[in-house]
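For reference, entry.txt (compact mmCIF, C-alpha atoms and all ligand atoms):
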# COMPACT_ATOMS: atom_id res chain seq x y z
CA MET A 1 91.76 92.08 85.89
CA ILE A 2 92.78 94.00 88.97
CA ALA A 3 92.01 97.73 88.65
CA LYS A 4 92.96 98.51 92.25
CA GLU A 5 95.39 96.46 94.29
CA ARG A 6 94.95 95.80 97.98
CA LYS A 7 97.66 97.17 100.26
CA PRO A 8 98.27 96.11 103.87
CA PRO A 9 95.97 98.29 106.00
CA ARG A 10 97.73 101.16 107.75
CA LYS A 11 96.30 100.04 111.11
CA LEU A 12 98.01 96.68 110.68
CA LEU A 13 101.37 98.31 109.85
CA GLN A 14 100.96 100.67 112.81
CA THR A 15 100.25 97.77 115.15
CA GLU A 16 103.37 95.93 113.96
CA ALA A 17 105.45 99.10 114.39
CA ILE A 18 104.20 99.71 117.92
CA LEU A 19 105.12 96.17 118.98
CA ARG A 20 108.62 96.65 117.52
CA ARG A 21 109.17 99.70 119.71
CA LEU A 22 107.04 99.37 122.84
CA GLN A 23 109.15 99.49 125.99
CA PRO A 24 109.67 97.96 128.45
CA PRO A 25 109.24 94.48 126.86
CA ASN A 26 106.70 93.54 129.54
CA HIS A 27 104.62 96.72 129.07
CA PRO A 28 101.08 96.07 130.47
CA LYS A 29 99.47 97.08 127.13
CA ARG A 30 101.52 94.54 125.12
CA PRO A 31 99.11 91.55 125.42
CA THR A 32 96.13 93.66 124.20
CA ILE A 33 98.12 95.02 121.26
CA GLU A 34 99.38 91.54 120.36
CA GLN A 35 95.79 90.27 120.43
CA ASP A 36 94.72 93.14 118.13
CA LEU A 37 97.61 92.39 115.78
CA LYS A 38 96.41 88.80 115.49
CA LYS A 39 92.89 89.94 114.57
CA ARG A 40 94.12 92.52 112.05
CA LYS A 41 96.46 90.00 110.43
CA ALA A 42 93.66 87.44 110.18
CA GLY A 43 91.37 90.04 108.57
CA TYR A 44 93.99 91.03 106.01
CA ASN A 45 94.89 87.41 105.24
CA GLY A 46 91.18 86.69 104.72
CA GLU A 47 90.94 89.54 102.23
CA LYS A 48 94.04 88.29 100.41
CA ALA A 49 92.49 84.81 100.22
CA VAL A 50 89.48 86.33 98.43
CA ASP A 51 91.83 88.26 96.12
CA TYR A 52 93.40 84.93 95.21
CA HIS A 53 90.05 83.48 94.11
CA LEU A 54 89.17 86.62 92.16
CA SER A 55 92.58 86.59 90.45
CA PHE A 56 91.24 83.86 88.16
CA LEU A 57 88.96 86.44 86.50
CA THR A 58 91.58 87.66 84.06
CA ASP A 59 89.21 88.66 81.25
CA LYS A 60 89.15 92.38 80.44
CA LYS A 61 85.40 92.51 81.00
CA TYR A 62 86.02 92.06 84.73
CA MET A 63 87.39 94.94 86.73
CA ILE A 64 88.24 94.30 90.35
CA PHE A 65 88.66 97.11 92.86
CA ASN A 66 89.99 96.13 96.26
CA ASP A 67 89.42 98.08 99.45
CA LEU A 68 87.47 101.08 98.15
CA LYS A 69 86.41 104.02 100.26
CA LEU A 70 83.99 106.26 98.37
CA PRO A 71 82.41 109.57 99.33
CA LEU A 72 78.66 109.66 99.82
CA ALA A 73 77.64 112.87 101.56
CA PRO A 74 77.81 113.42 104.46
CA ASP A 75 80.11 110.44 104.92
CA TYR A 76 81.97 107.63 103.15
CA PHE A 77 81.26 103.99 102.53
CA GLN A 78 83.69 101.12 102.17
CA ILE A 79 83.68 98.06 99.95
CA ASP A 80 86.04 95.14 100.61
CA SER A 81 86.05 94.07 96.94
CA LEU A 82 84.04 95.38 94.02
CA LEU A 83 83.65 93.54 90.73
CA VAL A 84 82.46 95.67 87.82
CA THR A 85 81.42 94.02 84.55
CA PRO A 86 79.69 95.59 81.51
CA HIS A 87 76.31 94.24 82.68
CA TYR A 88 76.28 94.26 86.46
CA SER A 89 78.38 95.15 89.44
CA LEU A 90 79.05 93.08 92.52
CA PRO A 91 80.24 94.38 95.89
CA ILE A 92 81.71 91.58 98.02
CA GLU A 93 81.73 91.76 101.80
CA ILE A 94 84.58 89.66 103.22
CA LYS A 95 84.31 87.89 106.58
CA ASN A 96 87.04 85.99 108.30
CA ILE A 97 85.42 84.16 111.20
CA ALA A 98 86.58 80.78 112.48
CA GLY A 99 84.08 78.32 113.91
CA THR A 100 80.50 77.30 113.23
CA LEU A 101 78.21 80.12 112.17
CA THR A 102 74.48 79.84 112.63
CA ILE A 103 72.19 82.19 110.74
CA ASP A 104 68.85 83.05 112.24
CA PRO A 105 66.73 84.72 109.49
CA GLU A 106 63.95 85.50 111.95
CA PHE A 107 66.07 87.72 114.18
CA ASN A 108 68.57 88.73 111.47
CA GLN A 109 71.46 87.54 113.54
CA LEU A 110 74.54 85.47 113.20
CA SER A 111 76.04 83.55 116.07
CA LYS A 112 79.42 81.94 116.23
CA HIS A 113 80.24 78.80 118.18
CA TYR A 114 83.93 78.41 118.67
CA GLN A 115 85.80 76.49 121.35
CA GLY A 116 82.70 76.29 123.53
CA ILE A 117 81.94 80.03 123.41
CA GLU A 118 78.98 81.61 121.63
CA THR A 119 79.38 85.14 120.17
CA GLY A 120 76.79 87.24 118.36
CA TYR A 121 77.48 89.19 115.14
CA PRO A 122 75.38 91.64 113.14
CA ASP A 123 73.63 90.05 110.14
CA PRO A 124 76.16 90.32 107.28
CA ILE A 125 73.32 90.27 104.73
CA THR A 126 71.90 93.50 106.18
CA GLN A 127 75.39 94.97 106.01
CA ALA A 128 75.95 93.86 102.40
CA LYS A 129 72.54 95.19 101.34
CA ARG A 130 73.40 98.56 102.80
CA GLN A 131 76.63 98.63 100.74
CA MET A 132 74.56 97.79 97.67
CA LEU A 133 72.24 100.76 98.30
CA PHE A 134 75.21 103.08 98.88
CA LEU A 135 76.75 101.94 95.61
CA GLN A 136 73.47 102.50 93.76
CA LYS A 137 73.37 106.00 95.13
CA TRP A 138 77.00 106.57 94.18
CA PHE A 139 76.28 105.61 90.54
CA TYR A 140 73.28 107.94 90.56
CA ASN A 141 75.21 110.88 92.10
CA ASN A 142 77.92 110.49 89.48
CA LYS A 143 75.38 110.50 86.66
CA LEU A 144 76.34 107.00 85.59
CA PRO A 145 73.60 104.68 84.36
CA CYS A 146 72.79 102.51 87.34
CA PRO A 147 73.55 98.87 86.55
CA PRO A 148 71.96 95.92 88.31
CA ILE A 149 73.87 95.56 91.57
CA GLU A 150 74.23 92.12 93.10
CA PHE A 151 76.01 91.35 96.37
CA LEU A 152 77.80 88.48 98.07
CA VAL A 153 79.20 87.83 101.52
CA ALA A 154 82.35 85.72 101.19
CA PHE A 155 83.68 83.73 104.14
CA SER A 156 87.41 83.52 103.63
CA ASN A 157 88.32 80.90 106.21
CA PRO A 158 87.78 77.49 104.55
CA SER A 159 87.18 75.83 107.94
CA THR A 160 84.16 78.05 108.74
CA ILE A 161 80.93 76.04 108.89
CA LEU A 162 77.80 77.88 107.75
CA ARG A 163 74.51 76.63 109.12
CA MET A 164 70.87 77.78 109.21
CA ALA A 165 69.19 77.94 112.65
CA SER A 166 67.10 74.84 113.34
CA GLY A 167 63.68 74.94 111.71
CA HIS A 168 64.89 77.21 108.89
CA ARG A 169 65.80 76.30 105.34
CA LEU A 170 68.36 78.20 103.28
CA ILE A 171 66.28 80.89 101.65
CA PRO A 172 67.25 84.01 99.69
CA PRO A 173 68.95 86.31 100.46
CA TYR A 174 70.92 84.01 102.80
CA ASP A 175 72.15 82.04 99.78
CA LYS A 176 74.36 85.10 99.16
CA MET A 177 76.55 83.94 102.03
CA ILE A 178 79.18 81.71 100.47
CA HIS A 179 82.62 80.27 100.98
CA ALA A 180 85.29 82.29 99.16
CA GLN A 181 86.30 79.27 97.09
CA ASN A 182 82.83 79.35 95.46
CA LEU A 183 83.16 82.97 94.33
CA VAL A 184 84.10 82.19 90.75
CA SER A 185 81.22 79.74 90.28
CA GLU A 186 78.75 82.26 91.80
CA ILE A 187 80.08 84.89 89.41
CA SER A 188 79.60 82.60 86.42
CA LYS A 189 75.97 82.08 87.55
CA LEU A 190 75.55 85.87 87.52
CA ASN A 191 77.10 86.01 84.04
CA THR A 192 74.49 83.53 82.82
CA LYS A 193 71.73 85.55 84.49
CA TYR A 194 72.75 88.75 82.68
CA ASN A 195 73.85 87.06 79.48
CA GLY A 196 70.63 87.97 77.68
CA GLU A 197 71.34 91.68 78.05
CA GLU A 198 72.43 92.95 74.66
CA ASN A 199 73.55 96.41 75.64
CA GLU A 200 76.45 97.07 77.87
CA ILE A 201 75.06 99.12 80.73
CA ILE A 202 78.31 100.06 82.40
CA ASP A 203 80.89 102.30 80.75
CA LEU A 204 83.89 100.45 82.18
CA LYS A 205 86.45 103.13 81.36
CA LYS A 206 84.48 105.98 82.87
CA THR A 207 83.47 103.97 85.92
CA LYS A 208 87.08 102.95 86.53
CA ARG A 209 88.27 106.55 86.27
CA LEU A 210 85.63 107.81 88.70
CA LEU A 211 86.13 105.00 91.21
CA LEU A 212 89.90 105.51 91.30
CA ASN A 213 89.64 109.30 91.43
CA GLN A 214 87.12 109.32 94.21
CA HIS A 215 88.71 106.64 96.36
CA GLN A 216 89.92 108.12 99.65
CA GLU A 217 92.90 106.84 101.52
CA HIS A 218 92.17 106.26 105.17
CA HIS A 219 92.79 109.29 107.37
CA TYR A 220 95.91 109.43 109.44
CA SER A 221 95.00 108.40 112.93
CA SER A 222 97.31 108.17 115.87
CA ILE A 223 97.80 104.64 117.11
CA LEU A 224 99.43 106.00 120.28
CA THR A 225 96.17 107.77 121.13
CA THR A 226 94.22 104.57 120.43
CA TYR A 227 96.22 102.72 123.08
CA GLN A 228 96.69 105.76 125.34
CA LEU A 229 100.46 105.59 125.00
CA GLN A 230 103.11 108.34 124.92
CA GLU A 231 106.18 108.74 122.73
CA ALA A 232 108.19 107.91 125.86
CA ASP A 233 106.74 104.38 125.69
CA LEU A 234 108.65 103.82 122.43
CA ILE A 235 112.29 102.84 121.92
CA LYS A 236 114.10 105.38 119.73
CA GLY A 237 116.85 104.57 117.28
CA VAL A 238 117.52 102.34 114.30
CA LEU A 239 116.69 98.77 115.29
CA CYS A 240 118.73 95.77 114.20
CA ASP A 241 116.70 93.44 111.97
CA GLN A 242 118.56 90.45 113.41
CA CYS A 243 118.37 91.00 117.16
CA THR A 244 116.04 94.08 117.41
CA LYS A 245 118.55 96.06 119.54
CA VAL A 246 119.54 99.68 118.76
CA MET A 247 122.27 100.11 116.11
CA THR A 248 124.92 102.82 115.84
CA ARG A 249 126.06 104.62 112.70
CA MET A 250 129.70 104.21 111.65
CA THR A 251 131.03 105.66 108.41
CA GLY A 252 127.80 105.44 106.45
CA THR A 253 126.79 102.02 107.81
CA TRP A 254 124.52 100.94 110.66
CA PHE A 255 126.33 98.61 113.02
CA CYS A 256 124.83 96.47 115.78
CA PRO A 257 127.14 96.29 118.83
CA HIS A 258 125.07 93.40 120.23
CA CYS A 259 125.14 90.87 117.38
CA LEU A 260 127.70 92.58 115.09
CA HIS A 261 125.23 92.72 112.17
CA SER A 262 125.70 95.67 109.80
CA SER A 263 123.34 97.29 107.31
CA LYS A 264 123.29 100.24 104.90
CA THR A 265 119.48 100.51 104.90
CA ALA A 266 118.36 99.79 108.48
CA HIS A 267 117.21 103.42 108.89
CA LEU A 268 114.42 102.95 106.33
CA GLN A 269 112.37 100.79 108.71
CA ALA A 270 112.96 103.32 111.50
CA ILE A 271 111.69 106.19 109.35
CA ASP A 272 108.64 104.13 108.34
CA ASP A 273 108.03 103.53 112.05
CA TYR A 274 108.23 107.29 112.68
CA PHE A 275 105.56 107.99 110.06
CA LEU A 276 103.38 105.14 111.31
CA LEU A 277 103.65 106.03 114.99
CA ILE A 278 104.42 109.71 115.42
CA LYS A 279 103.15 111.89 112.55
CA PRO A 280 103.13 112.11 108.75
CA THR A 281 105.84 114.82 108.52
CA ILE A 282 109.44 114.94 109.74
CA THR A 283 112.09 117.67 110.06
CA ASN A 284 115.85 117.26 110.17
CA ARG A 285 115.79 117.77 113.96
CA GLU A 286 112.99 115.23 114.47
CA LEU A 287 114.85 112.68 112.36
CA ARG A 288 118.02 113.12 114.39
CA ASP A 289 116.04 112.80 117.60
CA PHE A 290 114.17 109.63 116.53
CA LEU A 291 117.15 107.92 114.89
CA LEU A 292 119.54 109.00 117.70
CA LEU A 293 121.74 110.55 115.05
CA PRO A 294 124.11 113.35 116.16
CA SER A 295 125.01 114.72 112.71
CA ARG A 296 122.74 117.25 111.00
CA ARG A 297 124.57 116.59 107.72
CA THR A 298 123.95 112.83 107.83
CA ALA A 299 120.28 113.49 108.63
CA ALA A 300 120.05 115.83 105.62
CA THR A 301 121.67 113.24 103.34
CA ILE A 302 119.23 110.57 104.56
CA LEU A 303 116.22 112.84 104.05
CA GLN A 304 117.33 113.72 100.54
CA SER A 305 117.90 110.08 99.64
CA LEU A 306 114.34 109.14 100.61
CA ASN A 307 112.70 110.77 97.60
CA MET A 308 110.02 112.30 99.79
CA ASN A 309 108.10 115.49 99.24
CA GLY A 310 110.18 118.27 100.82
CA SER A 311 108.54 121.61 101.58
CA LYS A 312 109.77 124.74 99.71
CA LYS A 313 112.58 125.51 102.13
CA GLY A 314 113.22 121.85 102.85
CA VAL A 315 112.13 122.41 106.44
CA PHE A 316 110.06 119.26 106.70
CA TYR A 317 109.39 116.18 104.69
CA THR A 318 106.23 114.19 104.25
CA GLN A 319 105.90 110.57 103.38
CA SER A 320 104.58 110.02 99.89
CA PHE A 321 101.99 107.24 100.01
ZN ZN B 1 121.77 92.98 116.27
Please lay out the structure from this file as structure tokens.
Ligand SMILES: [Zn+2]
Amino acid sequence: MIAKERKPPRKLLQTEAILRRLQPPNHPKRPTIEQDLKKRKAGYNGEKAVDYHLSFLTDKKYMIFNDLKLPLAPDYFQIDSLLVTPHYSLPIEIKNIAGTLTIDPEFNQLSKHYQGIETGYPDPITQAKRQMLFLQKWFYNNKLPCPPIEFLVAFSNPSTILRMASGHRLIPPYDKMIHAQNLVSEISKLNTKYNGEENEIIDLKKTKRLLLNQHQEHHYSSILTTYQLQEADLIKGVLCDQCTKVMTRMTGTWFCPHCLHSSKTAHLQAIDDYFLLIKPTITNRELRDFLLLPSRRTAATILQSLNMNGSKKGVFYTQSF
């Protein structure tokens, strides 16, 4: 069962928002941002494909935590998917890479051949092993009995071809690199391996509580800074969801003078865009400025309707995640 759902990564939402608002339409940064959006979408879709395979593990003895970020002084570590069972735990590293992948165990490297181009990648096994050690340490730091920790690297794109470099046979630990569709069968092999264990090593309830309590949401980072853009590079206003042009407000409704579409809720996307692109708090004045809304009263009504966390005097509002 799913103990922690996966949400679309904030970076992906920010990238979509920036492309909605970047002006002029032929801005020189647009192709780079569009390319990044493609990569981020592919990564997220790959993770969702793995979630699909794991969704077959409905038994209560399986707890699945997606996209965890856990503190381990002086830093944090991230796990794409973590399966916790009473007898073992299994961090899964998810890779979405199209093409033919060749693993060279001698040099610990992975190379991709795709459309005639060869690209090198760090050895995912080394990466997954590091996650395993971090997780071990996390159990230890939290005074939880340390269970056996296994690991897998799941390739989410079914068209990926995995191959050993010539002269090498598939040897452990490279057999931990699998296609996502084989996850469930790999997990049942692990169940058989630990079946003999009489005692349950992991206290599922306590582990779940600690994992969820300690999980950190990703820090707010400015996407404008990432692409060296200014607020002036963004179109302000409530955008029409039919033709993407700026709408005007008429008697409680947003109206598009370009395609005549009208909407009662079009401002919600605009406010989301503000939080994704500008900053995590908003005042009445900032809302009016971003939504191109002349009335302070209307802005106040909108802010109140959003069910956000207002400060004591109602001076600014923050988005509740
Ligand atoms: Zn329109």
Using only C-alpha atoms and all ligand atoms, what does the table of chain A residues within 8 Å of ligand ZN 1 (chain B) look like, with each row giving the shortest atom pair and its distance in Å to one decimal, sorted by chain and ascending number, as JSON lines?
{"residue": "A:Leu239", "atom": "CA", "partner": "B:ZN1", "partner_atom": "ZN", "distance": 7.8}
{"residue": "A:Cys240", "atom": "CA", "partner": "B:ZN1", "partner_atom": "ZN", "distance": 4.6}
{"residue": "A:Asp241", "atom": "CA", "partner": "B:ZN1", "partner_atom": "ZN", "distance": 6.7}
{"residue": "A:Gln242", "atom": "CA", "partner": "B:ZN1", "partner_atom": "ZN", "distance": 5.0}
{"residue": "A:Cys243", "atom": "CA", "partner": "B:ZN1", "partner_atom": "ZN", "distance": 4.0}
{"residue": "A:Thr244", "atom": "CA", "partner": "B:ZN1", "partner_atom": "ZN", "distance": 5.9}
{"residue": "A:Lys245", "atom": "CA", "partner": "B:ZN1", "partner_atom": "ZN", "distance": 5.5}
{"residue": "A:Val246", "atom": "CA", "partner": "B:ZN1", "partner_atom": "ZN", "distance": 7.5}
{"residue": "A:Met247", "atom": "CA", "partner": "B:ZN1", "partner_atom": "ZN", "distance": 7.1}
{"residue": "A:Phe255", "atom": "CA", "partner": "B:ZN1", "partner_atom": "ZN", "distance": 7.9}
{"residue": "A:Cys256", "atom": "CA", "partner": "B:ZN1", "partner_atom": "ZN", "distance": 4.7}
{"residue": "A:Pro257", "atom": "CA", "partner": "B:ZN1", "partner_atom": "ZN", "distance": 6.8}
{"residue": "A:His258", "atom": "CA", "partner": "B:ZN1", "partner_atom": "ZN", "distance": 5.2}
{"residue": "A:Cys259", "atom": "CA", "partner": "B:ZN1", "partner_atom": "ZN", "distance": 4.1}
{"residue": "A:Leu260", "atom": "CA", "partner": "B:ZN1", "partner_atom": "ZN", "distance": 6.1}
{"residue": "A:His261", "atom": "CA", "partner": "B:ZN1", "partner_atom": "ZN", "distance": 5.4}
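The space between atom CA of Thr207 of chain A and atom CA of Leu54 of chain A spans 19.3 Å.
Nearest to Thr301 of chain A of all the residues A:Gly252, A:Pro173, A:Pro91, A:Gly120 is A:Gly252, counting only C-alpha atoms.
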Open item on the list: Please compute the atom CA of Ser262 of chain A-atom CA of Leu291 of chain A distance, one decimal, in Å.
Closed with: 15.8 Å
Task: Straight-line distance linking atom CA of Leu276 of chain A with atom CA of Ala17 of chain A, stated in Å to one decimal - done: 7.1 Å
Task: 8 Å contact set for segment 193-206 of chain A, only C-alpha atoms, chain neighbours under 3 positions out, as a PyMOL selection string - done: chain A and resi 63+84-88+144-147+189-190+209-210
TODO: Please determine the residues with any atom at most 7 Å from (93.5, 93.6, 105.0) (coordinates as given in the file, with only C-alpha atoms counting) and report them as an MDAnalysis selection string.
DONE: chainID A and resid 8:9 43:45 47
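Minimum atom-to-atom distance to Ile97 of chain A, evaluated using only C-alpha atoms, belongs to A:Ser156 out of A:Ser156, A:Asn213, A:Thr58, A:Asn142.
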Open item on the list: Residues within 12 Å of (100.6, 92.4, 122.5), file coordinates, counting only C-alpha atoms: what are they? Give the list as JSON, numbers by chain.
Closed with: {"A": [15, 16, 17, 18, 19, 20, 21, 22, 23, 25, 26, 27, 28, 29, 30, 31, 32, 33, 34, 35, 36, 37, 38, 39, 227]}
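Once segment 157-169 of chain A and its same-chain neighbours fewer than 5 positions away are set aside, Gly46, Ala49, Lys95, Asn96, Ile97, Ala98, Gly99, Thr100, Leu101, Thr102, Ile103, Asp104, Pro105, Glu106, Tyr174, Met177, Ile178, His179, Ala180 and Gln181 of chain A remain within 9 Å of it when counting only C-alpha atoms.
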TODO: Can you work out which one of A:Phe107, A:Phe155, A:Phe77, A:Tyr121 has the shortest atom-to-atom distance to Lys48 of chain A, counting all atoms listed in the file?
DONE: A:Phe155
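If you measure from each of A:Asn284, A:Ala128, A:Leu110, A:Phe139 to Lys208 of chain A using only C-alpha atoms, the closest one turns out to be A:Phe139.
Here the question is which of A:Leu82, A:Ile117, A:Gln109, A:Asp51 gets nearest to Glu150 of chain A using only C-alpha atoms, and that residue is A:Leu82.
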TODO: Counting only C-alpha atoms, figure out which residue out of A:Glu186, A:Asp67, A:Asp75, A:Glu5 gets nearest to Ser55 of chain A.
DONE: A:Glu5
Would you compute, for all listed atoms of segment 274-290 of chain A, the axis-aligned bounding box grown by 5 Å on each side, and then report its centre and edge lengths in Å rounded to one decimal, as lines of an AutoDock Vina configuration file?
center_x = 110.6
center_y = 111.5
center_z = 113.1
size_x = 24.9
size_y = 22.6
size_z = 19.1
